[in-house]
Amino acid sequence: MTQQRQTQNSRIDREWWKEAVVYQVYPRSFNDSDGDGIGDIPGITERVDYLDDLGVDVVWLSPVYDSPNHDNGYDIRDYRAINEEFGDMADWERLRDELHDRDMKLIMDLVVNHTSNEHEWFQRSRREEGEYADYYHWVEGEPDEPPNDWESLFGGSAWSWDDEREAWYLHVFNENQPDLNWRNPDVREAVKGVVTWWVEQGIDGFRMDAISHLSKPEGYPAGDPDEPGPSGSEHYTFGPRLGEYLDELGTVVPDGAMSAGEMGGADADDAREFVQRGDCLDMVFHFDHLDVDQADDWTDDNWGEWSLPEFEELMTRNQREVAEPAWDALFLGNHDHPRIVSRFGDESERRRSATCIATFLLTMRGTPYLYQGQELGMTNAEFDDLSEIDDAMTVGLVEDMLESGTVDSFDDVREAVNYRSRDHARTPMQWADDEAAGFSEGDPWLPVNDNYDEINAAEARADDESVFHHYRRLIDLREDDPVFVYGDYDTLVADDEQFYAFTRELDGERRLVVCNWSDEPATFAPADFTADDTEVLLANYDDAPTDPVGATFRPFEAVVYAY
Ligand code: GLC
């Protein structure tokens, strides 16, 4: 972990997790040690030195708990056991120790908005056993008439009928993921018990899944079909008691632990409010900046169209209104989003565009997150048919559209699926130009991307100019220079279609980041800005302009200066 350094600056509140760079591992797709085609915990342990070389400080492990895997582990059957496919508790302890031995931290995914329907709590709840009867959201009624028109985020009604209990239960995600009833104090105690148990296992914090959905209104009023997004999400997102529940959860998250909450639906104001609220969330994943390239409808043909000024406006708002007054998570992807280069870069200029994006991300204020393979510049896959998709969200939503007749065939949504399927991020990690990309000696659970012969970790590590080494140098730079972590942010050419350029400043120390985020050369000519005595700290081309103002920057050229 980064050492706490002394600073003269009283405006900043130093914390290890502000100075850290986080790496997200999606265990199923990271590294398979036993040849069954599924990544596992010993496989991750084999790669700890790789992560150490890259220079990251924290590993966020997507769920490794016992699960029937309807949503790849985000449907937990037992919070205190490891998924057999991934290993056992002894394997997990070895991973924790190997990370800690290298001064790296480990944070776990905490999925407590819902459990699996195979969790013992749900099994007992459907049988109305004692205190468990009220652990989930049950509503009595007729089997053909759901309690209201709420839609699940994964398609179809948010209610399913349970034949055993003869009642409806609520699931914001799929039917195998019933929502816990947080109104019930016993549920809150049980969840706090899970948190405490994992803290006792020596972890360093949590990424809290789907945390904006914990609170549901009393009485389950009907949703508004005219609201953007699924009907009902306005009721089951940021519900009336969310803050109270987070405060209570915060009482068992120890001081010094890190916690990042995933808050779908949050804007900058929500993110700031929940971070400033108190002890539960140190930062929030909010997705407003990742909406810029999303079309309104699955049948639209403008998926992937976005503009740099719009993106910059959102990022700047997040810097000023979230990261500066509170704190923020800096990320452009995860296991739920397409690959960054395919999305915001240019696959035909892969190395330059990936390093340009990396430069931008690692020099902003906030805690940066890398998703596995991002450091290699991994790209999206191609899906020709629904049968090639594993992702429960895409399959659920598309099947729903086909069933309801909203679309006639897969062809109507092929473009949207190819753009947004979560499987893009879940194809196996590309380690080498070997069978199955060096991910597994067996048949991978999801096919590897065909481009593994060109894009893989072995090649990248052997090439000093690679995306990998650029990330490594950026992480180094950030760790040695508190201006990138704590400095104030100012944008320079806000409406420019090609440049994203900004300054960082702390105690009179100044940095300038210039990114030509386009495939054409461009002259950098900010109004009312001069930079004297510039020194190039890092660049993704040789011979970067030493005097940036008035200079021409090549396609996707990104340069970091001190001045
Ligand atoms: C979060 C996870 C996603 C999962 C969902 C339900 O959004 O990131 O992968 O499907 O929650 O747990």
# chains A, B, ... in the order shown; residues from 1 in each chain; ligands from 1
>>> residues_around(residues="Ala329 of chain A", least_positions_apart="3", cutoff="7 Å", atoms="only C-alpha atoms", output="PyMOL selection string")
chain A and resi 283-285+366-368
>>> residues_around(residues="Asp547 of chain A", least_positions_apart="6", cutoff="9 Å", atoms="only C-alpha atoms", output="list in words")
Ala531, Asp532, Asp533, Thr534 and Glu535 of chain A
>>> write_last_selection(atoms="all heavy atoms", output="PDB file, in the first residue's frame")
ATOM      1  N   ALA A 531       1.739  27.907 -20.427  1.00  0.00           N
ATOM      2  CA  ALA A 531       2.441  26.984 -19.539  1.00  0.00           C
ATOM      3  C   ALA A 531       3.935  27.159 -19.781  1.00  0.00           C
ATOM      4  O   ALA A 531       4.426  26.895 -20.875  1.00  0.00           O
ATOM      5  CB  ALA A 531       2.027  25.557 -19.842  1.00  0.00           C
ATOM      6  N   ASP A 532       4.629  27.663 -18.753  1.00  0.00           N
ATOM      7  CA  ASP A 532       6.073  27.874 -18.901  1.00  0.00           C
ATOM      8  C   ASP A 532       6.829  26.710 -18.275  1.00  0.00           C
ATOM      9  O   ASP A 532       6.299  26.019 -17.408  1.00  0.00           O
ATOM     10  CB  ASP A 532       6.490  29.158 -18.183  1.00  0.00           C
ATOM     11  CG  ASP A 532       5.781  30.351 -18.792  1.00  0.00           C
ATOM     12  OD1 ASP A 532       5.572  30.328 -20.023  1.00  0.00           O
ATOM     13  OD2 ASP A 532       5.402  31.268 -18.029  1.00  0.00           O
ATOM     14  N   ASP A 533       8.053  26.590 -18.676  1.00  0.00           N
ATOM     15  CA  ASP A 533       8.932  25.557 -18.099  1.00  0.00           C
ATOM     16  C   ASP A 533       8.284  24.182 -18.074  1.00  0.00           C
ATOM     17  O   ASP A 533       8.304  23.502 -17.049  1.00  0.00           O
ATOM     18  CB  ASP A 533       9.319  25.927 -16.651  1.00  0.00           C
ATOM     19  CG  ASP A 533      10.074  27.233 -16.613  1.00  0.00           C
ATOM     20  OD1 ASP A 533      10.801  27.493 -17.591  1.00  0.00           O
ATOM     21  OD2 ASP A 533       9.909  27.976 -15.629  1.00  0.00           O
ATOM     22  N   THR A 534       7.665  23.826 -19.176  1.00  0.00           N
ATOM     23  CA  THR A 534       6.998  22.514 -19.185  1.00  0.00           C
ATOM     24  C   THR A 534       8.028  21.385 -19.222  1.00  0.00           C
ATOM     25  O   THR A 534       9.063  21.483 -19.878  1.00  0.00           O
ATOM     26  CB  THR A 534       6.071  22.364 -20.411  1.00  0.00           C
ATOM     27  OG1 THR A 534       6.770  22.829 -21.541  1.00  0.00           O
ATOM     28  CG2 THR A 534       4.784  23.105 -20.233  1.00  0.00           C
ATOM     29  N   GLU A 535       7.679  20.342 -18.528  1.00  0.00           N
ATOM     30  CA  GLU A 535       8.515  19.146 -18.552  1.00  0.00           C
ATOM     31  C   GLU A 535       7.587  17.972 -18.869  1.00  0.00           C
ATOM     32  O   GLU A 535       6.538  17.811 -18.230  1.00  0.00           O
ATOM     33  CB  GLU A 535       9.149  18.949 -17.169  1.00  0.00           C
ATOM     34  CG  GLU A 535      10.014  17.723 -17.087  1.00  0.00           C
ATOM     35  CD  GLU A 535      10.254  17.292 -15.621  1.00  0.00           C
ATOM     36  OE1 GLU A 535       9.960  18.073 -14.693  1.00  0.00           O
ATOM     37  OE2 GLU A 535      10.700  16.159 -15.438  1.00  0.00           O
TER      38      GLU A 535
END
>>> closest_residue(among="A:Leu61, A:Ala501, A:Val513, A:Ala522", to="Tyr563 of chain A", atoms="only C-alpha atoms")
A:Val513
>>> residues_near_ligand(ligand="ligand 1", cutoff="8 Å", atoms="only C-alpha atoms and all ligand atoms", output="VMD selection string")
chain A and resid 71 to 72 74 to 75 111 113 to 114 173 177 209 to 210 262 264 334 to 336 392 to 393
>>> write_last_selection(atoms="N, CA, C and O atoms", output="JSON list (two decimals), in the first residue's frame")
[["chain", "number", "residue", "atom", "x", "y", "z"],
["A", 71, "ASP", "N", -26.46, -15.71, -12.41],
["A", 71, "ASP", "CA", -25.91, -14.41, -12.81],
["A", 71, "ASP", "C", -24.42, -14.40, -12.46],
["A", 71, "ASP", "O", -23.90, -13.45, -11.88],
["A", 72, "ASN", "N", -23.77, -15.53, -12.79],
["A", 72, "ASN", "CA", -22.32, -15.66, -12.55],
["A", 72, "ASN", "C", -21.88, -15.20, -11.17],
["A", 72, "ASN", "O", -20.96, -14.38, -11.04],
["A", 74, "TYR", "N", -23.42, -13.45, -8.89],
["A", 74, "TYR", "CA", -24.16, -12.34, -8.25],
["A", 74, "TYR", "C", -25.51, -12.84, -7.71],
["A", 74, "TYR", "O", -26.42, -12.06, -7.44],
["A", 75, "ASP", "N", -25.62, -14.14, -7.61],
["A", 75, "ASP", "CA", -26.77, -14.79, -6.98],
["A", 75, "ASP", "C", -26.17, -15.75, -5.95],
["A", 75, "ASP", "O", -25.74, -16.85, -6.28],
["A", 111, "VAL", "N", -22.93, -8.62, -2.04],
["A", 111, "VAL", "CA", -24.18, -8.60, -2.81],
["A", 111, "VAL", "C", -25.32, -8.85, -1.84],
["A", 111, "VAL", "O", -25.67, -9.99, -1.53],
["A", 113, "ASN", "N", -28.40, -6.83, -1.79],
["A", 113, "ASN", "CA", -29.74, -6.40, -2.17],
["A", 113, "ASN", "C", -30.63, -7.63, -2.35],
["A", 113, "ASN", "O", -31.83, -7.59, -2.12],
["A", 114, "HIS", "N", -29.98, -8.72, -2.77],
["A", 114, "HIS", "CA", -30.72, -9.95, -3.05],
["A", 114, "HIS", "C", -29.83, -11.14, -2.74],
["A", 114, "HIS", "O", -28.61, -10.99, -2.57],
["A", 173, "PHE", "N", -33.65, -7.95, -10.08],
["A", 173, "PHE", "CA", -32.87, -8.58, -11.16],
["A", 173, "PHE", "C", -33.65, -9.82, -11.61],
["A", 173, "PHE", "O", -34.86, -9.76, -11.70],
["A", 177, "GLN", "N", -33.03, -14.24, -8.27],
["A", 177, "GLN", "CA", -32.35, -13.30, -7.37],
["A", 177, "GLN", "C", -33.38, -12.51, -6.55],
["A", 177, "GLN", "O", -33.55, -11.31, -6.73],
["A", 209, "ASP", "N", -22.61, -4.18, -4.09],
["A", 209, "ASP", "CA", -23.36, -4.37, -5.32],
["A", 209, "ASP", "C", -24.77, -3.79, -5.23],
["A", 209, "ASP", "O", -25.46, -3.97, -4.22],
["A", 210, "ALA", "N", -25.20, -3.13, -6.30],
["A", 210, "ALA", "CA", -26.62, -2.75, -6.47],
["A", 210, "ALA", "C", -27.20, -2.07, -5.23],
["A", 210, "ALA", "O", -28.37, -2.28, -4.88],
["A", 262, "GLU", "N", -22.00, 0.47, -5.57],
["A", 262, "GLU", "CA", -22.51, 0.57, -6.94],
["A", 262, "GLU", "C", -23.92, 1.15, -6.91],
["A", 262, "GLU", "O", -24.82, 0.57, -6.32],
["A", 264, "GLY", "N", -26.49, 2.28, -9.49],
["A", 264, "GLY", "CA", -27.13, 2.50, -10.77],
["A", 264, "GLY", "C", -28.20, 3.58, -10.59],
["A", 264, "GLY", "O", -28.89, 3.58, -9.57],
["A", 334, "ASN", "N", -16.30, -2.24, -16.50],
["A", 334, "ASN", "CA", -16.24, -3.31, -15.51],
["A", 334, "ASN", "C", -16.85, -4.55, -16.17],
["A", 334, "ASN", "O", -16.97, -4.58, -17.40],
["A", 335, "HIS", "N", -17.24, -5.54, -15.37],
["A", 335, "HIS", "CA", -17.76, -6.79, -15.94],
["A", 335, "HIS", "C", -19.15, -6.62, -16.54],
["A", 335, "HIS", "O", -19.69, -7.58, -17.10],
["A", 336, "ASP", "N", -19.75, -5.46, -16.41],
["A", 336, "ASP", "CA", -21.09, -5.21, -16.96],
["A", 336, "ASP", "C", -21.07, -4.34, -18.21],
["A", 336, "ASP", "O", -22.13, -3.95, -18.71],
["A", 392, "ALA", "N", -27.00, -13.03, -18.38],
["A", 392, "ALA", "CA", -28.41, -13.14, -17.97],
["A", 392, "ALA", "C", -29.20, -11.88, -18.32],
["A", 392, "ALA", "O", -30.40, -11.95, -18.65],
["A", 393, "MET", "N", -28.55, -10.72, -18.25],
["A", 393, "MET", "CA", -29.27, -9.49, -18.53],
["A", 393, "MET", "C", -29.65, -9.42, -20.01],
["A", 393, "MET", "O", -30.81, -9.19, -20.36]]
>>> residues_around(residues="Gly55 of chain A", least_positions_apart="6", cutoff="12 Å", atoms="only C-alpha atoms", output="NGL selection string")
:A and (1-2 or 20-23 or 48-49 or 102-104 or 370 or 375 or 468-480)
>>> write_last_selection(atoms="N, CA and C atoms", output="PDB file, in the first residue's frame")
ATOM      1  N   MET A   1       0.821  -1.203   0.000  1.00  0.00           N
ATOM      2  CA  MET A   1       0.000   0.000   0.000  1.00  0.00           C
ATOM      3  C   MET A   1       0.855   1.253   0.000  1.00  0.00           C
ATOM      4  N   THR A   2       0.330   2.259  -0.638  1.00  0.00           N
ATOM      5  CA  THR A   2       1.053   3.520  -0.684  1.00  0.00           C
ATOM      6  C   THR A   2       1.285   4.054   0.738  1.00  0.00           C
ATOM      7  N   ALA A  20      -4.762   4.707  -3.874  1.00  0.00           N
ATOM      8  CA  ALA A  20      -4.607   3.368  -4.452  1.00  0.00           C
ATOM      9  C   ALA A  20      -5.163   3.296  -5.871  1.00  0.00           C
ATOM     10  N   VAL A  21      -4.671   2.321  -6.620  1.00  0.00           N
ATOM     11  CA  VAL A  21      -5.257   1.960  -7.910  1.00  0.00           C
ATOM     12  C   VAL A  21      -5.829   0.550  -7.747  1.00  0.00           C
ATOM     13  N   VAL A  22      -7.085   0.392  -8.137  1.00  0.00           N
ATOM     14  CA  VAL A  22      -7.786  -0.882  -7.909  1.00  0.00           C
ATOM     15  C   VAL A  22      -7.856  -1.674  -9.217  1.00  0.00           C
ATOM     16  N   TYR A  23      -7.717  -2.973  -9.091  1.00  0.00           N
ATOM     17  CA  TYR A  23      -7.817  -3.873 -10.249  1.00  0.00           C
ATOM     18  C   TYR A  23      -8.956  -4.848  -9.993  1.00  0.00           C
ATOM     19  N   VAL A  48      -0.644 -13.285  -9.149  1.00  0.00           N
ATOM     20  CA  VAL A  48      -0.461 -12.159  -8.235  1.00  0.00           C
ATOM     21  C   VAL A  48       0.814 -11.376  -8.589  1.00  0.00           C
ATOM     22  N   ASP A  49       1.848 -12.084  -9.011  1.00  0.00           N
ATOM     23  CA  ASP A  49       3.071 -11.354  -9.390  1.00  0.00           C
ATOM     24  C   ASP A  49       2.842 -10.456 -10.609  1.00  0.00           C
ATOM     25  N   ARG A 102       2.564  -8.894  -0.515  1.00  0.00           N
ATOM     26  CA  ARG A 102       3.115  -7.906  -1.467  1.00  0.00           C
ATOM     27  C   ARG A 102       2.543  -6.513  -1.211  1.00  0.00           C
ATOM     28  N   ASP A 103       2.017  -6.301  -0.023  1.00  0.00           N
ATOM     29  CA  ASP A 103       1.433  -5.000   0.338  1.00  0.00           C
ATOM     30  C   ASP A 103       0.257  -4.616  -0.537  1.00  0.00           C
ATOM     31  N   MET A 104      -0.435  -5.620  -1.048  1.00  0.00           N
ATOM     32  CA  MET A 104      -1.662  -5.317  -1.792  1.00  0.00           C
ATOM     33  C   MET A 104      -2.858  -5.637  -0.903  1.00  0.00           C
ATOM     34  N   LEU A 370      -9.196  -0.419 -12.693  1.00  0.00           N
ATOM     35  CA  LEU A 370      -8.916  -1.089 -13.968  1.00  0.00           C
ATOM     36  C   LEU A 370      -9.681  -2.395 -13.962  1.00  0.00           C
ATOM     37  N   GLU A 375      -5.664  -3.356 -19.151  1.00  0.00           N
ATOM     38  CA  GLU A 375      -4.246  -3.024 -19.236  1.00  0.00           C
ATOM     39  C   GLU A 375      -3.584  -3.646 -20.461  1.00  0.00           C
ATOM     40  N   PHE A 468       0.144  -2.301 -21.731  1.00  0.00           N
ATOM     41  CA  PHE A 468       0.486  -2.757 -20.375  1.00  0.00           C
ATOM     42  C   PHE A 468       1.543  -1.851 -19.742  1.00  0.00           C
ATOM     43  N   HIS A 469       2.632  -1.624 -20.473  1.00  0.00           N
ATOM     44  CA  HIS A 469       3.713  -0.822 -19.873  1.00  0.00           C
ATOM     45  C   HIS A 469       3.292   0.626 -19.684  1.00  0.00           C
ATOM     46  N   HIS A 470       2.398   1.088 -20.544  1.00  0.00           N
ATOM     47  CA  HIS A 470       1.925   2.465 -20.354  1.00  0.00           C
ATOM     48  C   HIS A 470       1.115   2.568 -19.054  1.00  0.00           C
ATOM     49  N   TYR A 471       0.249   1.599 -18.838  1.00  0.00           N
ATOM     50  CA  TYR A 471      -0.494   1.585 -17.565  1.00  0.00           C
ATOM     51  C   TYR A 471       0.480   1.518 -16.389  1.00  0.00           C
ATOM     52  N   ARG A 472       1.484   0.662 -16.518  1.00  0.00           N
ATOM     53  CA  ARG A 472       2.434   0.489 -15.419  1.00  0.00           C
ATOM     54  C   ARG A 472       3.129   1.827 -15.110  1.00  0.00           C
ATOM     55  N   ARG A 473       3.532   2.525 -16.178  1.00  0.00           N
ATOM     56  CA  ARG A 473       4.215   3.808 -15.954  1.00  0.00           C
ATOM     57  C   ARG A 473       3.259   4.852 -15.365  1.00  0.00           C
ATOM     58  N   LEU A 474       2.013   4.832 -15.820  1.00  0.00           N
ATOM     59  CA  LEU A 474       1.038   5.784 -15.270  1.00  0.00           C
ATOM     60  C   LEU A 474       0.781   5.534 -13.780  1.00  0.00           C
ATOM     61  N   ILE A 475       0.690   4.254 -13.430  1.00  0.00           N
ATOM     62  CA  ILE A 475       0.438   3.912 -12.018  1.00  0.00           C
ATOM     63  C   ILE A 475       1.618   4.387 -11.164  1.00  0.00           C
ATOM     64  N   ASP A 476       2.813   4.160 -11.686  1.00  0.00           N
ATOM     65  CA  ASP A 476       4.033   4.637 -11.002  1.00  0.00           C
ATOM     66  C   ASP A 476       4.015   6.143 -10.803  1.00  0.00           C
ATOM     67  N   LEU A 477       3.667   6.818 -11.884  1.00  0.00           N
ATOM     68  CA  LEU A 477       3.658   8.282 -11.862  1.00  0.00           C
ATOM     69  C   LEU A 477       2.677   8.785 -10.806  1.00  0.00           C
ATOM     70  N   ARG A 478       1.509   8.189 -10.794  1.00  0.00           N
ATOM     71  CA  ARG A 478       0.467   8.612  -9.862  1.00  0.00           C
ATOM     72  C   ARG A 478       0.902   8.355  -8.422  1.00  0.00           C
ATOM     73  N   GLU A 479       1.548   7.223  -8.212  1.00  0.00           N
ATOM     74  CA  GLU A 479       1.917   6.884  -6.838  1.00  0.00           C
ATOM     75  C   GLU A 479       3.014   7.775  -6.288  1.00  0.00           C
ATOM     76  N   ASP A 480       3.804   8.345  -7.203  1.00  0.00           N
ATOM     77  CA  ASP A 480       4.890   9.198  -6.723  1.00  0.00           C
ATOM     78  C   ASP A 480       4.499  10.650  -6.657  1.00  0.00           C
TER      79      ASP A 480
END
>>> closest_residue(among="A:Asp224, A:Glu313, A:Asp288, A:Asp53", to="Asn148 of chain A", atoms="only C-alpha atoms")
A:Asp224
>>> closest_atom_pairs(of="segment 192-293 of chain A", to="segment 339-354 of chain A", cutoff="12 Å", atoms="only C-alpha atoms", output="CSV")
residue,atom,partner,partner_atom,distance
A:His289,CA,A:Phe344,CA,11.3
A:Leu290,CA,A:Arg343,CA,9.7
A:Asp291,CA,A:Arg343,CA,11.3
A:Val292,CA,A:Phe344,CA,10.1
A:Asp293,CA,A:Arg343,CA,8.1
>>> residues_around(residues="Arg96 of chain A", least_positions_apart="2", cutoff="12 Å", atoms="only C-alpha atoms", output="mmCIF file with C-alpha atoms, in the first residue's frame")
data_model
loop_
_atom_site.group_PDB
_atom_site.id
_atom_site.type_symbol
_atom_site.label_atom_id
_atom_site.label_comp_id
_atom_site.auth_asym_id
_atom_site.auth_seq_id
_atom_site.Cartn_x
_atom_site.Cartn_y
_atom_site.Cartn_z
ATOM 1 C CA ILE A 41 -8.899 -18.810 -7.077
ATOM 2 C CA PRO A 42 -5.604 -20.734 -7.379
ATOM 3 C CA ILE A 44 -5.699 -15.809 -9.534
ATOM 4 C CA THR A 45 -2.977 -16.597 -7.005
ATOM 5 C CA VAL A 48 -0.461 -12.159 -8.235
ATOM 6 C CA VAL A 58 -5.966 -3.352 -4.454
ATOM 7 C CA VAL A 59 -7.708 -6.351 -5.955
ATOM 8 C CA TRP A 60 -11.499 -6.263 -6.077
ATOM 9 C CA LEU A 61 -12.743 -9.799 -6.410
ATOM 10 C CA MET A 89 -11.640 -21.300 1.770
ATOM 11 C CA ALA A 90 -8.013 -22.448 2.071
ATOM 12 C CA ASP A 91 -7.428 -21.317 -1.538
ATOM 13 C CA TRP A 92 -9.023 -17.993 -0.735
ATOM 14 C CA GLU A 93 -6.814 -17.558 2.358
ATOM 15 C CA ARG A 94 -3.726 -18.291 0.286
ATOM 16 C CA GLU A 98 -0.104 -13.663 -1.232
ATOM 17 C CA LEU A 99 -1.663 -10.251 -1.850
ATOM 18 C CA HIS A 100 -0.947 -9.015 1.666
ATOM 19 C CA ASP A 101 2.641 -10.272 1.454
ATOM 20 C CA ARG A 102 3.115 -7.906 -1.467
ATOM 21 C CA ASP A 103 1.433 -5.000 0.338
ATOM 22 C CA MET A 104 -1.662 -5.317 -1.792
ATOM 23 C CA LYS A 105 -5.173 -5.168 -0.395
ATOM 24 C CA LEU A 106 -8.180 -7.346 -1.087
ATOM 25 C CA ILE A 107 -11.759 -6.146 -1.324
ATOM 26 C CA MET A 108 -14.765 -8.412 -1.744
ATOM 27 C CA TRP A 198 -15.645 -11.253 6.110
ATOM 28 C CA GLN A 201 -11.262 -13.077 7.522
ATOM 29 C CA GLY A 202 -8.867 -10.173 7.047
ATOM 30 C CA ILE A 203 -10.251 -8.330 4.050
ATOM 31 C CA ASP A 204 -9.666 -4.651 3.435
#
>>> atom_distance(atom1="atom CA of Ala551 of chain A", atom2="atom CA of Asp519 of chain A")
16.3 Å
>>> select_by_dssp(residues="segment 186-323 of chain A", states="strand (DSSP E)", output="NGL selection string")
:A and (205-208 or 258-262 or 283-285)
>>> closest_residue(among="A:Trp445, A:Trp121, A:Phe86, A:Trp150", to="Asp40 of chain A", atoms="only C-alpha atoms")
A:Phe86
>>> closest_residue(among="A:Asn456, A:Gln498, A:Thr299, A:Ser157", to="Ser409 of chain A", atoms="only C-alpha atoms")
A:Thr299
>>> residues_around(residues="Phe502 of chain A", least_positions_apart="5", cutoff="9 Å", atoms="only C-alpha atoms", output="list of chain:residue names")
A:Met364, A:Tyr489, A:Asp490, A:Thr491, A:Leu492, A:Val493, A:Arg511, A:Leu512, A:Val513, A:Val514, A:Cys515
>>> write_last_selection(atoms="N, CA, C and O atoms", output="mmCIF file, in the first residue's frame")
data_model
loop_
_atom_site.group_PDB
_atom_site.id
_atom_site.type_symbol
_atom_site.label_atom_id
_atom_site.label_comp_id
_atom_site.auth_asym_id
_atom_site.auth_seq_id
_atom_site.Cartn_x
_atom_site.Cartn_y
_atom_site.Cartn_z
ATOM 1 N N MET A 364 -6.772 11.747 -13.299
ATOM 2 C CA MET A 364 -7.905 12.494 -12.748
ATOM 3 C C MET A 364 -7.936 12.324 -11.235
ATOM 4 O O MET A 364 -7.289 11.459 -10.666
ATOM 5 N N TYR A 489 -8.837 20.160 -10.071
ATOM 6 C CA TYR A 489 -8.986 19.872 -11.504
ATOM 7 C C TYR A 489 -9.551 21.096 -12.195
ATOM 8 O O TYR A 489 -10.442 21.750 -11.664
ATOM 9 N N ASP A 490 -9.023 21.400 -13.365
ATOM 10 C CA ASP A 490 -9.657 22.433 -14.183
ATOM 11 C C ASP A 490 -9.581 22.008 -15.639
ATOM 12 O O ASP A 490 -8.560 21.474 -16.086
ATOM 13 N N THR A 491 -10.666 22.256 -16.352
ATOM 14 C CA THR A 491 -10.666 21.852 -17.754
ATOM 15 C C THR A 491 -10.229 23.024 -18.624
ATOM 16 O O THR A 491 -10.437 24.183 -18.260
ATOM 17 N N LEU A 492 -9.628 22.729 -19.782
ATOM 18 C CA LEU A 492 -9.053 23.814 -20.571
ATOM 19 C C LEU A 492 -9.788 24.143 -21.860
ATOM 20 O O LEU A 492 -9.868 25.295 -22.245
ATOM 21 N N VAL A 493 -10.260 23.143 -22.561
ATOM 22 C CA VAL A 493 -10.883 23.409 -23.872
ATOM 23 C C VAL A 493 -12.213 22.656 -23.941
ATOM 24 O O VAL A 493 -12.391 21.733 -24.726
ATOM 25 N N ARG A 511 0.222 20.360 -12.948
ATOM 26 C CA ARG A 511 0.341 19.342 -13.994
ATOM 27 C C ARG A 511 -0.657 19.673 -15.090
ATOM 28 O O ARG A 511 -1.731 20.232 -14.821
ATOM 29 N N LEU A 512 -0.277 19.294 -16.297
ATOM 30 C CA LEU A 512 -1.156 19.506 -17.453
ATOM 31 C C LEU A 512 -1.270 18.178 -18.195
ATOM 32 O O LEU A 512 -0.257 17.510 -18.418
ATOM 33 N N VAL A 513 -2.493 17.818 -18.564
ATOM 34 C CA VAL A 513 -2.706 16.589 -19.331
ATOM 35 C C VAL A 513 -3.384 16.984 -20.640
ATOM 36 O O VAL A 513 -4.441 17.627 -20.621
ATOM 37 N N VAL A 514 -2.765 16.640 -21.746
ATOM 38 C CA VAL A 514 -3.349 16.957 -23.054
ATOM 39 C C VAL A 514 -3.587 15.646 -23.793
ATOM 40 O O VAL A 514 -2.646 14.891 -24.044
ATOM 41 N N CYS A 515 -4.847 15.389 -24.134
ATOM 42 C CA CYS A 515 -5.186 14.172 -24.889
ATOM 43 C C CYS A 515 -5.854 14.581 -26.191
ATOM 44 O O CYS A 515 -6.917 15.213 -26.154
#
>>> residues_around(residues="Arg510 of chain A", least_positions_apart="6", cutoff="10 Å", atoms="only C-alpha atoms", output="count of residues only")
11
>>> atom_distance(atom1="atom CA of Ile211 of chain A", atom2="atom CA of Glu273 of chain A")
14.2 Å
>>> atom_distance(atom1="atom CA of Leu402 of chain A", atom2="atom CA of Leu153 of chain A")
16.3 Å
>>> closest_residue(among="A:Asp297, A:Glu128, A:Glu497, A:Glu175", to="Gly396 of chain A", atoms="only C-alpha atoms")
A:Glu175
